[in-house]
>>> print(open('run_9.cif').read())   # mmCIF, C-alpha atoms, pLDDT in the B column; chains and numbers go by the auth columns
data_input
loop_
_atom_site.group_PDB
_atom_site.id
_atom_site.type_symbol
_atom_site.label_atom_id
_atom_site.label_comp_id
_atom_site.label_asym_id
_atom_site.label_seq_id
_atom_site.Cartn_x
_atom_site.Cartn_y
_atom_site.Cartn_z
_atom_site.B_iso_or_equiv
_atom_site.auth_seq_id
_atom_site.auth_asym_id
ATOM 1 C CA MET A 1 87.063 180.411 130.181 44.00 5 A
ATOM 2 C CA THR A 2 84.750 178.175 128.136 43.00 6 A
ATOM 3 C CA ARG A 3 83.075 176.960 131.313 46.00 7 A
ATOM 4 C CA LEU A 4 82.539 180.556 132.504 39.00 8 A
ATOM 5 C CA LEU A 5 80.928 181.491 129.168 37.00 9 A
ATOM 6 C CA LEU A 6 78.728 178.402 129.318 38.00 10 A
ATOM 7 C CA VAL A 7 77.541 179.258 132.850 38.00 11 A
ATOM 8 C CA ALA A 8 76.900 182.899 131.872 41.00 12 A
ATOM 9 C CA GLY A 9 74.938 181.731 128.816 43.00 13 A
ATOM 10 C CA PHE A 10 72.751 179.432 130.927 40.00 14 A
ATOM 11 C CA ALA A 11 72.142 182.229 133.453 43.00 15 A
ATOM 12 C CA LEU A 12 71.041 184.656 130.715 43.00 16 A
ATOM 13 C CA ALA A 13 68.830 181.999 129.105 41.00 17 A
ATOM 14 C CA ALA A 14 67.188 181.281 132.482 41.00 18 A
ATOM 15 C CA ALA A 15 66.536 184.985 133.073 43.00 19 A
ATOM 16 C CA LEU A 16 65.007 185.367 129.621 42.00 20 A
ATOM 17 C CA ALA A 17 62.880 182.261 130.063 40.00 21 A
ATOM 18 C CA GLN A 18 61.517 183.529 133.399 47.00 22 A
ATOM 19 C CA ALA A 19 60.914 187.125 132.311 59.00 23 A
ATOM 20 C CA ALA A 20 57.396 188.182 131.313 85.00 24 A
ATOM 21 C CA ASP A 21 56.119 187.864 127.751 95.00 25 A
ATOM 22 C CA TYR A 22 53.233 189.886 126.296 97.00 26 A
ATOM 23 C CA THR A 23 51.097 188.750 123.364 96.00 27 A
ATOM 24 C CA ALA A 24 48.591 190.343 120.973 95.00 28 A
ATOM 25 C CA GLY A 25 47.461 188.128 118.107 94.00 29 A
ATOM 26 C CA PRO A 26 50.549 186.692 116.401 96.00 30 A
ATOM 27 C CA LEU A 27 52.916 189.140 118.124 97.00 31 A
ATOM 28 C CA THR A 28 54.892 188.474 121.288 97.00 32 A
ATOM 29 C CA ALA A 29 57.144 190.936 123.136 98.00 33 A
ATOM 30 C CA ALA A 30 59.529 188.885 125.266 97.00 34 A
ATOM 31 C CA ALA A 31 61.299 190.121 128.391 96.00 35 A
ATOM 32 C CA PRO A 32 60.942 193.929 128.095 97.00 36 A
ATOM 33 C CA TRP A 33 63.611 195.588 130.259 97.00 37 A
ATOM 34 C CA SER A 34 65.300 198.928 130.789 97.00 38 A
ATOM 35 C CA ARG A 35 68.333 200.282 132.584 95.00 39 A
ATOM 36 C CA PRO A 36 68.142 202.737 135.503 97.00 40 A
ATOM 37 C CA ALA A 37 68.043 206.417 134.499 97.00 41 A
ATOM 38 C CA ALA A 38 67.522 209.772 136.210 97.00 42 A
ATOM 39 C CA ALA A 39 64.432 211.946 135.817 97.00 43 A
ATOM 40 C CA GLY A 40 64.739 214.410 132.937 96.00 44 A
ATOM 41 C CA MET A 41 67.286 212.199 131.196 97.00 45 A
ATOM 42 C CA THR A 42 66.921 209.606 128.436 96.00 46 A
ATOM 43 C CA GLY A 43 66.433 205.918 129.167 96.00 47 A
ATOM 44 C CA ALA A 44 66.520 202.894 126.894 96.00 48 A
ATOM 45 C CA GLY A 45 64.162 199.965 126.457 97.00 49 A
ATOM 46 C CA PHE A 46 64.943 196.486 125.147 97.00 50 A
ATOM 47 C CA LEU A 47 62.896 193.382 124.234 97.00 51 A
ATOM 48 C CA THR A 48 62.560 190.687 121.604 97.00 52 A
ATOM 49 C CA LEU A 49 59.616 191.030 119.242 98.00 53 A
ATOM 50 C CA THR A 50 58.408 187.788 117.627 98.00 54 A
ATOM 51 C CA ASN A 51 55.857 187.583 114.835 97.00 55 A
ATOM 52 C CA ASN A 52 54.242 184.149 114.584 97.00 56 A
ATOM 53 C CA GLY A 53 51.914 185.352 111.833 96.00 57 A
ATOM 54 C CA ARG A 54 51.957 184.768 108.082 96.00 58 A
ATOM 55 C CA ALA A 55 52.472 188.435 107.218 96.00 59 A
ATOM 56 C CA ALA A 56 55.131 190.897 108.340 97.00 60 A
ATOM 57 C CA GLU A 57 54.141 193.395 111.036 97.00 61 A
ATOM 58 C CA THR A 58 55.735 196.836 111.239 98.00 62 A
ATOM 59 C CA LEU A 59 56.281 198.591 114.572 98.00 63 A
ATOM 60 C CA VAL A 60 55.572 202.282 113.936 98.00 64 A
ATOM 61 C CA ARG A 61 55.106 203.861 117.372 98.00 65 A
ATOM 62 C CA VAL A 62 55.785 203.268 121.061 98.00 66 A
ATOM 63 C CA GLU A 63 54.244 205.272 123.880 98.00 67 A
ATOM 64 C CA SER A 64 54.847 205.253 127.631 98.00 68 A
ATOM 65 C CA PRO A 65 53.582 207.550 130.380 98.00 69 A
ATOM 66 C CA VAL A 66 57.086 207.609 131.948 98.00 70 A
ATOM 67 C CA ALA A 67 58.582 209.633 129.060 98.00 71 A
ATOM 68 C CA ALA A 68 57.706 212.715 127.047 98.00 72 A
ATOM 69 C CA ARG A 69 58.197 210.543 123.945 97.00 73 A
ATOM 70 C CA VAL A 70 59.588 207.180 122.899 98.00 74 A
ATOM 71 C CA GLU A 71 61.716 206.892 119.764 98.00 75 A
ATOM 72 C CA ILE A 72 62.839 203.812 117.862 98.00 76 A
ATOM 73 C CA HIS A 73 66.620 203.915 117.349 96.00 77 A
ATOM 74 C CA ARG A 74 69.297 201.693 115.845 95.00 78 A
ATOM 75 C CA SER A 75 72.971 201.600 116.769 90.00 79 A
ATOM 76 C CA THR A 76 75.496 200.525 114.152 83.00 80 A
ATOM 77 C CA LEU A 77 79.248 200.037 114.057 82.00 81 A
ATOM 78 C CA ALA A 78 81.091 200.769 110.814 82.00 82 A
ATOM 79 C CA GLY A 79 84.824 201.276 110.418 86.00 83 A
ATOM 80 C CA GLY A 80 85.275 201.337 114.176 85.00 84 A
ATOM 81 C CA VAL A 81 82.773 204.206 114.557 86.00 85 A
ATOM 82 C CA SER A 82 79.560 203.679 116.494 85.00 86 A
ATOM 83 C CA ARG A 83 76.491 205.592 115.293 88.00 87 A
ATOM 84 C CA MET A 84 72.930 205.852 116.531 89.00 88 A
ATOM 85 C CA GLU A 85 70.109 206.868 114.237 93.00 89 A
ATOM 86 C CA LYS A 86 66.378 207.268 114.616 95.00 90 A
ATOM 87 C CA ALA A 87 64.303 204.676 112.742 95.00 91 A
ATOM 88 C CA ARG A 88 60.799 205.406 111.461 95.00 92 A
ATOM 89 C CA SER A 89 59.732 201.797 111.921 97.00 93 A
ATOM 90 C CA VAL A 90 60.983 198.254 112.431 97.00 94 A
ATOM 91 C CA GLN A 91 59.625 195.257 110.578 97.00 95 A
ATOM 92 C CA ALA A 92 58.999 191.978 112.396 97.00 96 A
ATOM 93 C CA PRO A 93 59.121 189.436 109.551 97.00 97 A
ATOM 94 C CA ALA A 94 56.457 186.743 109.217 97.00 98 A
ATOM 95 C CA GLY A 95 57.551 183.780 111.305 97.00 99 A
ATOM 96 C CA GLY A 96 60.573 185.678 112.620 97.00 100 A
ATOM 97 C CA SER A 97 61.918 187.882 115.391 97.00 101 A
ATOM 98 C CA VAL A 98 63.692 191.177 115.806 97.00 102 A
ATOM 99 C CA ALA A 99 65.807 191.935 118.865 96.00 103 A
ATOM 100 C CA PHE A 100 65.861 195.309 120.587 97.00 104 A
ATOM 101 C CA ALA A 101 69.151 194.964 122.454 94.00 105 A
ATOM 102 C CA PRO A 102 72.198 197.038 123.408 92.00 106 A
ATOM 103 C CA GLY A 103 74.215 197.738 120.256 90.00 107 A
ATOM 104 C CA GLY A 104 71.263 197.325 117.857 93.00 108 A
ATOM 105 C CA TYR A 105 67.643 198.403 117.730 96.00 109 A
ATOM 106 C CA HIS A 106 66.412 199.922 121.002 97.00 110 A
ATOM 107 C CA LEU A 107 63.734 202.267 122.327 98.00 111 A
ATOM 108 C CA MET A 108 64.839 205.683 123.544 97.00 112 A
ATOM 109 C CA LEU A 109 62.720 206.990 126.431 98.00 113 A
ATOM 110 C CA VAL A 110 63.184 210.729 125.931 97.00 114 A
ATOM 111 C CA GLY A 111 62.420 213.212 128.719 97.00 115 A
ATOM 112 C CA LEU A 112 61.847 210.818 131.608 98.00 116 A
ATOM 113 C CA LYS A 113 59.175 212.206 133.933 98.00 117 A
ATOM 114 C CA SER A 114 60.655 210.367 136.927 96.00 118 A
ATOM 115 C CA ALA A 115 63.691 208.230 137.666 97.00 119 A
ATOM 116 C CA LEU A 116 63.776 204.599 136.539 97.00 120 A
ATOM 117 C CA LYS A 117 64.918 202.574 139.541 97.00 121 A
ATOM 118 C CA PRO A 118 66.043 198.920 139.684 96.00 122 A
ATOM 119 C CA GLY A 119 63.117 196.552 140.194 95.00 123 A
ATOM 120 C CA GLN A 120 60.551 199.122 139.035 96.00 124 A
ATOM 121 C CA LYS A 121 58.076 198.252 136.262 97.00 125 A
ATOM 122 C CA PHE A 122 56.567 200.739 133.834 98.00 126 A
ATOM 123 C CA PRO A 123 53.995 200.398 131.029 98.00 127 A
ATOM 124 C CA ALA A 124 54.363 201.032 127.327 98.00 128 A
ATOM 125 C CA THR A 125 52.259 200.340 124.253 98.00 129 A
ATOM 126 C CA LEU A 126 53.704 199.127 120.955 98.00 130 A
ATOM 127 C CA THR A 127 51.625 200.173 117.932 98.00 131 A
ATOM 128 C CA PHE A 128 51.914 198.507 114.530 97.00 132 A
ATOM 129 C CA ALA A 129 51.050 199.707 111.018 97.00 133 A
ATOM 130 C CA SER A 130 48.183 197.187 110.985 95.00 134 A
ATOM 131 C CA GLY A 131 46.607 199.052 113.919 96.00 135 A
ATOM 132 C CA ARG A 132 47.390 196.231 116.343 96.00 136 A
ATOM 133 C CA ARG A 133 48.446 197.479 119.800 97.00 137 A
ATOM 134 C CA LEU A 134 50.572 195.457 122.224 98.00 138 A
ATOM 135 C CA PRO A 135 50.665 196.667 125.860 98.00 139 A
ATOM 136 C CA VAL A 136 53.830 195.624 127.730 98.00 140 A
ATOM 137 C CA ALA A 137 55.544 196.319 131.062 98.00 141 A
ATOM 138 C CA PHE A 138 59.280 197.003 131.180 97.00 142 A
ATOM 139 C CA THR A 139 61.286 195.950 134.242 97.00 143 A
ATOM 140 C CA VAL A 140 64.235 198.147 135.220 97.00 144 A
ATOM 141 C CA SER A 141 67.374 196.037 135.622 93.00 145 A
ATOM 142 C CA GLU A 142 70.801 196.941 136.998 86.00 146 A
ATOM 143 C CA GLY A 143 72.579 194.551 134.621 71.00 147 A
ATOM 144 C CA MET A 144 72.876 194.042 130.891 65.00 148 A
ATOM 145 C CA GLY A 145 69.623 192.105 130.528 66.00 149 A
ATOM 146 C CA PRO A 146 66.264 191.445 132.087 69.00 150 A
ATOM 147 C CA PRO A 147 66.363 190.717 135.828 65.00 151 A
ATOM 148 C CA ALA A 148 66.003 187.130 136.983 56.00 152 A
ATOM 149 C CA ALA A 149 62.542 186.139 138.180 49.00 153 A
ATOM 150 C CA GLY A 150 61.877 187.109 141.764 44.00 154 A
ATOM 151 C CA HIS A 151 64.592 189.784 141.756 42.00 155 A
ATOM 152 C CA SER A 152 63.393 193.019 143.313 43.00 156 A
ATOM 153 C CA HIS A 153 64.573 195.848 145.501 40.00 157 A
#
>>> encode(input="run_9.cif", output="structure tokens")
Amino acid sequence: MTRLLLVAGFALAAALAQAADYTAGPLTAAAPWSRPAAAGMTGAGFLTLTNNGRAAETLVRVESPVAARVEIHRSTLAGGVSRMEKARSVQAPAGGSVAFAPGGYHLMLVGLKSALKPGQKFPATLTFASGRRLPVAFTVSEGMGPPAAGHSH
């Protein structure tokens, strides 16, 4: 069992290391990915946001042409009950990171204009309270993380 977990951990680390990163100033969005979803439905976006600057940066808006709107959400688990709530913003601390991952912060792609299919890429722009904008491209993955480099359909 330990060996299986070790192999799975290395595989995920390799996928993350090979996935695309996007940078604007001190901010980096690592390995943006999404799951498949049908047109008209709601999709979800995930990434890791790192702030290498000396001051905190606050993500206040995300836009993508694939959805009517993009909302920042956070899932929590308390007393065995899972809840999801809309967040107005997310702070990326100075010299730190914040993960947008299943079970935590994530981006809800509301009112998808077309289906999100495995291997597809779609653009989005992250906007911060400072006015900084970070364009990224999400890759649609069939699994629970970003697809490995070179994986396409």
>>> resolve_selection(input="run_9.cif", expression="the PyMOL selection byres ((chain A and resi 33) around 6)", output="PyMOL selection string")
chain A and resi 25-26+32+34+52-53
>>> residues_around(input="run_9.cif", residues="Ala91 in chain A", least_positions_apart="5", cutoff="8 Å", atoms="only C-alpha atoms", output="PyMOL selection string")
chain A and resi 75-78
>>> atom_distance(input="run_9.cif", atom1="CA of Ser134 in chain A", atom2="CA of Glu61 in chain A")
7.1 Å
>>> residues_around(input="run_9.cif", residues="Val64 in chain A", least_positions_apart="3", cutoff="7 Å", atoms="only C-alpha atoms", output="ChimeraX atom specification")
/A:92-94,131-133
>>> atom_distance(input="run_9.cif", atom1="CA of Pro127 in chain A", atom2="CA of Arg87 in chain A")
27.9 Å
>>> residues_around(input="run_9.cif", residues="Met112 in chain A", least_positions_apart="4", cutoff="12 Å", atoms="all atoms listed in the file", output="PyMOL selection string")
chain A and resi 38-39+41+45-50+65-68+70-79+88-91+104-106+108+116
>>> write_last_selection(input="run_9.cif", atoms="C-alpha atoms", output="PDB file, keeping the file's coordinate frame")
ATOM      1  CA  SER A  38      65.300 198.928 130.789  1.00 97.00           C
ATOM      2  CA  ARG A  39      68.333 200.282 132.584  1.00 95.00           C
ATOM      3  CA  ALA A  41      68.043 206.417 134.499  1.00 97.00           C
ATOM      4  CA  MET A  45      67.286 212.199 131.196  1.00 97.00           C
ATOM      5  CA  THR A  46      66.921 209.606 128.436  1.00 96.00           C
ATOM      6  CA  GLY A  47      66.433 205.918 129.167  1.00 96.00           C
ATOM      7  CA  ALA A  48      66.520 202.894 126.894  1.00 96.00           C
ATOM      8  CA  GLY A  49      64.162 199.965 126.457  1.00 97.00           C
ATOM      9  CA  PHE A  50      64.943 196.486 125.147  1.00 97.00           C
ATOM     10  CA  ARG A  65      55.106 203.861 117.372  1.00 98.00           C
ATOM     11  CA  VAL A  66      55.785 203.268 121.061  1.00 98.00           C
ATOM     12  CA  GLU A  67      54.244 205.272 123.880  1.00 98.00           C
ATOM     13  CA  SER A  68      54.847 205.253 127.631  1.00 98.00           C
ATOM     14  CA  VAL A  70      57.086 207.609 131.948  1.00 98.00           C
ATOM     15  CA  ALA A  71      58.582 209.633 129.060  1.00 98.00           C
ATOM     16  CA  ALA A  72      57.706 212.715 127.047  1.00 98.00           C
ATOM     17  CA  ARG A  73      58.197 210.543 123.945  1.00 97.00           C
ATOM     18  CA  VAL A  74      59.588 207.180 122.899  1.00 98.00           C
ATOM     19  CA  GLU A  75      61.716 206.892 119.764  1.00 98.00           C
ATOM     20  CA  ILE A  76      62.839 203.812 117.862  1.00 98.00           C
ATOM     21  CA  HIS A  77      66.620 203.915 117.349  1.00 96.00           C
ATOM     22  CA  ARG A  78      69.297 201.693 115.845  1.00 95.00           C
ATOM     23  CA  SER A  79      72.971 201.600 116.769  1.00 90.00           C
ATOM     24  CA  MET A  88      72.930 205.852 116.531  1.00 89.00           C
ATOM     25  CA  GLU A  89      70.109 206.868 114.237  1.00 93.00           C
ATOM     26  CA  LYS A  90      66.378 207.268 114.616  1.00 95.00           C
ATOM     27  CA  ALA A  91      64.303 204.676 112.742  1.00 95.00           C
ATOM     28  CA  PHE A 104      65.861 195.309 120.587  1.00 97.00           C
ATOM     29  CA  ALA A 105      69.151 194.964 122.454  1.00 94.00           C
ATOM     30  CA  PRO A 106      72.198 197.038 123.408  1.00 92.00           C
ATOM     31  CA  GLY A 108      71.263 197.325 117.857  1.00 93.00           C
ATOM     32  CA  LEU A 116      61.847 210.818 131.608  1.00 98.00           C
TER      33      LEU A 116
END
